[in-house]
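For reference, the structure is listed below as structure tokens.
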Amino acid sequence: MSNSKLRCKSISRLSNVAEQFMIQDSRCGPEASVMVLLQVCLDTLEAYKDEYKSVKKNGEMSQEQVYRIYESAYVYYKIVHNLVLNRIPNLTEFHQIKRRSNASDKKLMELYNMLVKSLLYDEKISSVKTFIKEHSFDPEEVVNNKGLNNGGFVSANALEHLLKFDDSHTLLVDVRQRSEFEKMHIKANNVICIEPISFKSSYTDLELEKKSMITSPNAEIDIFKKRHEFTFIILYTDGSKENIRHDFYIQQEMVLLELLLTRSFSKPLHKDVKILILEAGISSWKFHGGSCTSNERALGSPENGAIYLNGNTSGLKLQQLSKLTPSISSSMDSSMKGMMRSMSQDPNNGGLNLPMQQCLHNSANLTNLSPSLSPPQLPLGSPTLSHHPDMKFANYPTTPKLSERDSASGSSNGNAGSGVHALSNVSPINSRAVTPSHRTVTLSKPPSILMSRSASNGSGTNQPLSKSSSQQLPVLPQLPTRSSSLQSSLTQTKQYDLDFTVGLENMGNSCYINCIIQCLLGTHELTNIFLNNSYERHINLNSKLGSKGVLAKHFARLVHQMHQNAAFKKTDKVKAVRPYEFKIACGSINSLFRESGQQDSQEFCQFLLDGLHEDLNQCGGNPPLKELSEQAEKMRERLSMRIASSIEWERYLTRDFSVIVDLFQGQYASRLTCKVCNHTSTTYQPFSILAAPVPHAKSCYLVDCFKEFTKVEELEKDEEWSCPYCKKKQPSTKKLTITRLPRNLIIHLKRFDNMLNKNNVLVNYPFFLDLTPFWANDFDGKLPPGVTEELPSRGQVAPFKYKLYAVASHSGSLYGGHYTAYVDKGLNKGWYYFDDTGYRPMRTPTECITSNAYVLFYHRVYGV
């Protein structure tokens with residue numbers, strides 16, 4: 001008997017055998033019903049168990065018989081795996097069964113869920129795969145260096161060969177969420193995580209290092225800095241189609257491959273360096289018995305992906321607010337001025353190039369302006385300008401903010417003749433940044449940076465705040481709440497009923513889209529600018545990351561169609577809208593939403609806000625910012641978070657500036673602290689959806705989720721911070737702090753763990769929420785050297801109180817779930833429940849407080 005006959009078939013060959021079996025089995029044909037396929041699974045599962053039991057008798061069998069038993073056991077397992085997790089979930093009949101509630105369908109779903117659990121918690125398959133791996137040999141899967149093509153695929157066996165013989169020269173890049181990476185990743189000396197949501201195709205290798213890895217452990221950053229020294233760079237992600245993010249992961253893996261191959265400018269890769277993709281990802285690696293390790297933390301830990309699931313990284317331009325951009329004046333020292341300048345700006349003109357139609361053309365109108373002017377003469381928040389000869393300023397494009405007074409004559413809003421197209425029914429809040437010298441304006445007065453509205457009626461003057469540490473930060477006026485400002489709301493939205501009710505058709509698992517649309521349209525400010533078409537004036541065709549207005553226009557059409565169907569109703573139940581073209585547009589921009597598979601609603605919400613922002617981003621064509629000098633970073637670390645976060649926000653606005661930023665984006669700080677020398681390192685990140693961990697308990701309160709999000713985390717041994725002061729890794733902690741709270745706060749309750757298990761804990765979320773205790777309030781009166789006035793507050797003045805206005809709910813599991821929504825439709829209508837085409841008034845005052853709550857929408861209110 002030859003040696004080849006004394007070997008098992010490889011995992012890949014056995015997987016092909018399983019696929020051929022299903023093709024040849026008439027019971028598994030294309031017309032097979034769910035019931036028949038489930039019966040096949042049960043029969044095959046029993047055969048798998050019987051084969052495994054035979055393994056115990058291996059002392060009575062020849063080696064060849066033992067090999068064949070292990071092979072059969074694996075094939076049986078793979079058949080059940082393919083049918084349960086791939087074939088059945090894609091059947092139309094299966095989705096109909098999920099929606100029905102009769103006894104027979106419930107029994108089928110119970111049977112299906114039992115099979116899923118059998119696969120997820122099966123402990124026998126690991127030993128089966130390990131045995132096959134140790135006793136199989138497949139020559140075509142073992143390749144040498146010459147056989148690896150740059151940009152191509154490498155098999156799991158080939159990767160194991162590389163790690164075994166050339167580990168020190170092989171870099172693994174895990175392209176999954178940080179939480180998944182921490183749970184389990186390939187075991188290697190050099191492995192890092194670059195989250196798929198943290199980069200875009202326009203990035204360079206330096207931007208990957210400085211932006212995408214800004215919250216990564218220093219050890220991983222240090223490894224990536226040496227990327228040009230490796231012989232092999234292997235990218236891998238989750239190649240399993242049962243992962244709800246499969247398509248997005250694969251798409252971003254290819255983006256990262258292209259980026260490293262063609263945009264490695266900072267550290268060009270040697271021509272012999274090979275960048276490869278692990279075929280079928282970590283799923284294949286585990287399937288082939290590859291060695292894995294973990295940096296496991298408590299579920300729900302902030303580091304465990306809270307921010308990333310929320311979509312907050314700098315790679316996603318989802319965040320921003322409105323009011324001013326920072327004054328870079330003679331009152332700042334040179335290091336602070338450098339913080340605000342672009343990396344690639346022209347030293348001759350000293351600034352950012354804003355689109356011509358978005359800048360103020362008549363700079364003469366800005367001379368001799370004083371902060372004492374009233375709103376009809378000066379747009380709210382417009383700063384006085386520096387007369388420093390080296391710095392040239394111009395007004396930023398206006399960003400919308402709802403205001404009743406803008407329904408008055410257009411000439412009284414301060415924009416007459418300026419060339420800026422202000423959104424109707426919104427008030428412009430001008431910002432400024434460095435711009436070319438031909439837009440120079442000079443004033444005799446020094447700049448006043450921090451402005452606040454002092455009058456209780458909301459129309460007061462802009463007043464600079466002094467540096468004095470004894471003076472408290474300004475208090476916002478007592479503005480009317482949504483419920484008490486009915487007359488004002490009717491005045492500024494008199495052409496439209498923003499509380500319209502209409503259903504949306506389910507086009508095949510599109511309930512995740514429908515529920516988010518209903519919730520977002522509960523944001524009156526957002527709905528209004530798409531109904532009155534004022535968004536069109538702010539589409540930036542030069543934005544590098546936008547869709548050239550495709551997404552914004554299709555979203556506007558959908559909003560108009562929904563409003564029209566509801567406005568001209570002849571019966572109590574109006575005709576539902578079919579958002580077909582809108583879904584097509586979404587799929588053309590992101591393939592994750594192209595097919596009819598079920599997707600995550602909060603991920604779609606993230607995508608939609610991101611896409612609308614990029615389409616309306618007034619600074620989307622600006623060059624990247626200059627990296628902070630070491631001196632500037634140390635100086636920023638000594639400042640209070642209140643001031644440091646403002647500096648970082650102003651830097652952020654020079655690249656990202658839109659109505660979406662104004663309405664939805666906030667910011668958080670991530671601080672590492674060395675427990676030996678107490679030195680710290682802080683990074684500031686924007687967010688549009690705040691991912692709050694849900695504690696594992698019978699029930700909890702929403703504030704408990706925020707406590708979990710902001711708690712101090714002890715870093716494990718292998719993730720200790722490499723302290724630049726101690727010059728080595730030291731015991732350290734990490735803490736997240738909310739530094740900016742948005743007008744409209746979207747909270748994602750993290751209910752799913754990395755094993756796809758759902759936490760159905762009832763989170764008691766209130767109708768009125770006070771987040772003031774969680775907002776960084778450490779201002780100590782200290783300002784950067786040379787700065788005599790504070791940075792703009794942009795509404796970041798306590799208290800921070802919010803009113804619930806929408807809830808996106810998820811029932812079931814990831815294998816069989818459904819999304820619905822609750823939305824507050826104002827005083828006249830009250831709360832409504834939306835289930836695709838169906839909708840009705842809420843039956844009880846607290847019906848929307850449910851254990852199925854998944855995404856919460858809160859609007860900031862005053863005087864409550």
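Residue numbering restarts at 1 in every chain; chains get A, B, ... in the order shown in the structure tokens, and ligands count up from 1 in that same order.
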Give me, as JSON lines, each residue of range 178-247 of chain A that comes within 9 Å of range 586-593 of chain A, together with its shortest interatomic pair and the distance in Å at one decimal, counting only C-alpha atoms, with rows ordered by chain and rising residue number.
{"residue": "A:Ile244", "atom": "CA", "partner": "A:Leu592", "partner_atom": "CA", "distance": 9.0}
{"residue": "A:Arg245", "atom": "CA", "partner": "A:Leu592", "partner_atom": "CA", "distance": 7.4}
{"residue": "A:His246", "atom": "CA", "partner": "A:Leu592", "partner_atom": "CA", "distance": 7.9}
{"residue": "A:Asp247", "atom": "CA", "partner": "A:Leu592", "partner_atom": "CA", "distance": 5.3}
**Study point:** Option closest in space to Asp615 in chain A, from A:Ser699, A:Ser596, A:Ser547, A:Asn777 [counting only C-alpha atoms]
**Key:** A:Ser547
Check your understanding: Got a sec: who's within 12 Å of Glu220 in chain A, counting only C-alpha atoms, leaving out chain neighbours fewer than 5 positions off, as an NGL selection string?
Key -> :A and (171-174 or 189-194 or 209 or 212-215 or 225-227 or 718-722)
**Study point:** Those in range 480-642 of chain A with helix (DSSP H, G or I) from DSSP, as number ranges by chain
**Key:** A: 486-492, 511-520, 524-531, 534-538, 550-567, 580-589, 591-593, 601-616, 630-638, 641-642
**Study point:** Given only C-alpha atoms as the counted atoms, nearest of A:Pro89, A:Pro217, A:Pro686, A:Gly151 to Arg178 in chain A
**Key:** A:Pro217
Exercise for review: Find the residues around range 504-519 of chain A up to 7 Å (only C-alpha atoms counted), leave out those fewer than 6 positions away in its own chain, and share them as a list in words.
Suggested key: Ala576, Val577, Arg578, Pro579, Ser596, Gly597, Gln598, Gln599, Asp600, Ser601, Phe604, Cys605, Ala806, Val807, Ala808, His818, Tyr819, Thr820, Ala821, Val823, Asp836 and Thr837 of chain A
Store the residues picked out above, limited to C-alpha atoms, as a compact mmCIF listing (two decimals), in the first residue's frame.
# COMPACT_ATOMS: atom_id res chain seq x y z
CA ALA A 576 -47.98 52.17 0.69
CA VAL A 577 -44.83 53.35 -1.09
CA ARG A 578 -42.50 50.89 -2.76
CA PRO A 579 -38.92 52.21 -2.24
CA SER A 596 -32.46 40.64 -1.07
CA GLY A 597 -30.74 39.22 1.99
CA GLN A 598 -31.50 40.42 5.51
CA GLN A 599 -29.09 43.12 6.72
CA ASP A 600 -28.48 44.96 9.96
CA SER A 601 -30.67 48.05 10.40
CA PHE A 604 -27.95 50.64 7.01
CA CYS A 605 -28.61 53.75 9.12
CA ALA A 806 -38.25 56.98 17.43
CA VAL A 807 -37.35 53.35 18.16
CA ALA A 808 -36.20 50.71 15.66
CA HIS A 818 -37.89 41.19 11.59
CA TYR A 819 -37.58 44.97 11.99
CA THR A 820 -40.37 47.37 12.94
CA ALA A 821 -40.46 50.98 14.15
CA VAL A 823 -42.20 56.99 15.71
CA ASP A 836 -43.65 47.63 6.56
CA THR A 837 -46.95 48.50 4.80
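Once Gln251 in chain A and its same-chain neighbours fewer than 3 positions away are set aside, Val175, Arg176, Pro196, Ile197, Phe199, Lys200, Ser201, Tyr236, Thr237, Asp238, Gly239, Arg245, His246, Asp247, Phe248, Met254, Val255, Leu256, Leu257, Glu258, Ile589, Asn590, Ser591 and Leu592 of chain A remain within 12 Å of it when counting only C-alpha atoms.
Distance-wise, CA of Ser793 in chain A and CA of Asn528 in chain A end up 25.8 Å apart.
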Review point. Can you list, as JSON, numbers by chain, every protein, DNA or RNA residue that comes within 10 Å of His563 in chain A when you count only C-alpha atoms, leaving out same-chain residues fewer than 4 positions away?
Key: {"A": [496, 497, 498, 499, 500, 501, 502, 527, 531, 557, 558, 559, 567, 568, 577]}
Limited to N, CA, C and O atoms, could you put the picked residues into a file as a PDB file, in the first residue's frame?
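That gives us part.pdb:
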ATOM      1  N   TYR A 496     -45.616  72.040   4.701  1.00  0.00           N
ATOM      2  CA  TYR A 496     -45.532  70.592   4.786  1.00  0.00           C
ATOM      3  C   TYR A 496     -46.006  70.075   6.139  1.00  0.00           C
ATOM      4  O   TYR A 496     -45.759  70.687   7.164  1.00  0.00           O
ATOM      5  N   ASP A 497     -46.661  68.922   6.093  1.00  0.00           N
ATOM      6  CA  ASP A 497     -46.981  68.204   7.321  1.00  0.00           C
ATOM      7  C   ASP A 497     -45.849  67.201   7.529  1.00  0.00           C
ATOM      8  O   ASP A 497     -45.764  66.178   6.856  1.00  0.00           O
ATOM      9  N   LEU A 498     -44.972  67.497   8.453  1.00  0.00           N
ATOM     10  CA  LEU A 498     -43.798  66.650   8.670  1.00  0.00           C
ATOM     11  C   LEU A 498     -44.126  65.388   9.453  1.00  0.00           C
ATOM     12  O   LEU A 498     -43.275  64.512   9.596  1.00  0.00           O
ATOM     13  N   ASP A 499     -45.339  65.293   9.956  1.00  0.00           N
ATOM     14  CA  ASP A 499     -45.747  64.112  10.721  1.00  0.00           C
ATOM     15  C   ASP A 499     -46.653  63.201   9.895  1.00  0.00           C
ATOM     16  O   ASP A 499     -47.597  62.604  10.402  1.00  0.00           O
ATOM     17  N   PHE A 500     -46.366  63.083   8.595  1.00  0.00           N
ATOM     18  CA  PHE A 500     -47.180  62.240   7.727  1.00  0.00           C
ATOM     19  C   PHE A 500     -46.940  60.761   8.055  1.00  0.00           C
ATOM     20  O   PHE A 500     -45.882  60.363   8.541  1.00  0.00           O
ATOM     21  N   THR A 501     -47.974  59.959   7.795  1.00  0.00           N
ATOM     22  CA  THR A 501     -47.896  58.514   8.055  1.00  0.00           C
ATOM     23  C   THR A 501     -48.228  57.751   6.790  1.00  0.00           C
ATOM     24  O   THR A 501     -49.271  57.971   6.175  1.00  0.00           O
ATOM     25  N   VAL A 502     -47.340  56.858   6.401  1.00  0.00           N
ATOM     26  CA  VAL A 502     -47.538  56.035   5.211  1.00  0.00           C
ATOM     27  C   VAL A 502     -46.657  54.802   5.353  1.00  0.00           C
ATOM     28  O   VAL A 502     -45.568  54.871   5.933  1.00  0.00           O
ATOM     29  N   THR A 527     -36.171  65.856   7.430  1.00  0.00           N
ATOM     30  CA  THR A 527     -37.290  65.687   6.498  1.00  0.00           C
ATOM     31  C   THR A 527     -37.567  66.968   5.729  1.00  0.00           C
ATOM     32  O   THR A 527     -37.811  66.947   4.514  1.00  0.00           O
ATOM     33  N   LEU A 531     -37.863  67.775   1.667  1.00  0.00           N
ATOM     34  CA  LEU A 531     -39.170  68.113   1.104  1.00  0.00           C
ATOM     35  C   LEU A 531     -39.131  69.446   0.370  1.00  0.00           C
ATOM     36  O   LEU A 531     -39.750  69.604  -0.685  1.00  0.00           O
ATOM     37  N   ARG A 557     -36.536  61.863  -3.455  1.00  0.00           N
ATOM     38  CA  ARG A 557     -37.694  61.369  -4.212  1.00  0.00           C
ATOM     39  C   ARG A 557     -38.562  60.466  -3.350  1.00  0.00           C
ATOM     40  O   ARG A 557     -39.800  60.516  -3.414  1.00  0.00           O
ATOM     41  N   LEU A 558     -37.920  59.614  -2.555  1.00  0.00           N
ATOM     42  CA  LEU A 558     -38.671  58.727  -1.673  1.00  0.00           C
ATOM     43  C   LEU A 558     -39.454  59.530  -0.641  1.00  0.00           C
ATOM     44  O   LEU A 558     -40.634  59.252  -0.386  1.00  0.00           O
ATOM     45  N   VAL A 559     -38.817  60.540  -0.049  1.00  0.00           N
ATOM     46  CA  VAL A 559     -39.499  61.375   0.949  1.00  0.00           C
ATOM     47  C   VAL A 559     -40.688  62.093   0.317  1.00  0.00           C
ATOM     48  O   VAL A 559     -41.777  62.156   0.891  1.00  0.00           O
ATOM     49  N   ALA A 567     -50.405  62.889   1.964  1.00  0.00           N
ATOM     50  CA  ALA A 567     -51.091  64.178   1.916  1.00  0.00           C
ATOM     51  C   ALA A 567     -52.392  64.116   1.137  1.00  0.00           C
ATOM     52  O   ALA A 567     -53.342  64.841   1.443  1.00  0.00           O
ATOM     53  N   PHE A 568     -52.445  63.254   0.118  1.00  0.00           N
ATOM     54  CA  PHE A 568     -53.630  63.202  -0.727  1.00  0.00           C
ATOM     55  C   PHE A 568     -54.416  61.906  -0.510  1.00  0.00           C
ATOM     56  O   PHE A 568     -54.952  61.329  -1.435  1.00  0.00           O
ATOM     57  N   VAL A 577     -45.857  52.971  -0.115  1.00  0.00           N
ATOM     58  CA  VAL A 577     -44.830  53.345  -1.091  1.00  0.00           C
ATOM     59  C   VAL A 577     -43.861  52.188  -1.265  1.00  0.00           C
ATOM     60  O   VAL A 577     -43.473  51.535  -0.279  1.00  0.00           O
TER      61      VAL A 577
END
Exercise for review: Write out as an MDAnalysis selection string each polymer residue whose atoms come within 12 Å of Tyr48 in chain A, counting only C-alpha atoms; drop sequence neighbours fewer than 2 positions from it.
Suggested key: chainID A and resid 41:46 50:55 69:81 118:119 122 124:125 128
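Of note, CA of Phe657 in chain A and CA of Lys626 in chain A are spaced 17.8 Å apart.
Between Arg638 in chain A and the candidates A:Ser681, A:Thr654, A:Val763, A:Ile660, the tightest atom-to-atom separation, counting only C-alpha atoms, involves A:Ser681.
Between CA of His169 in chain A and CA of Lys728 in chain A the interatomic distance comes to 23.3 Å.
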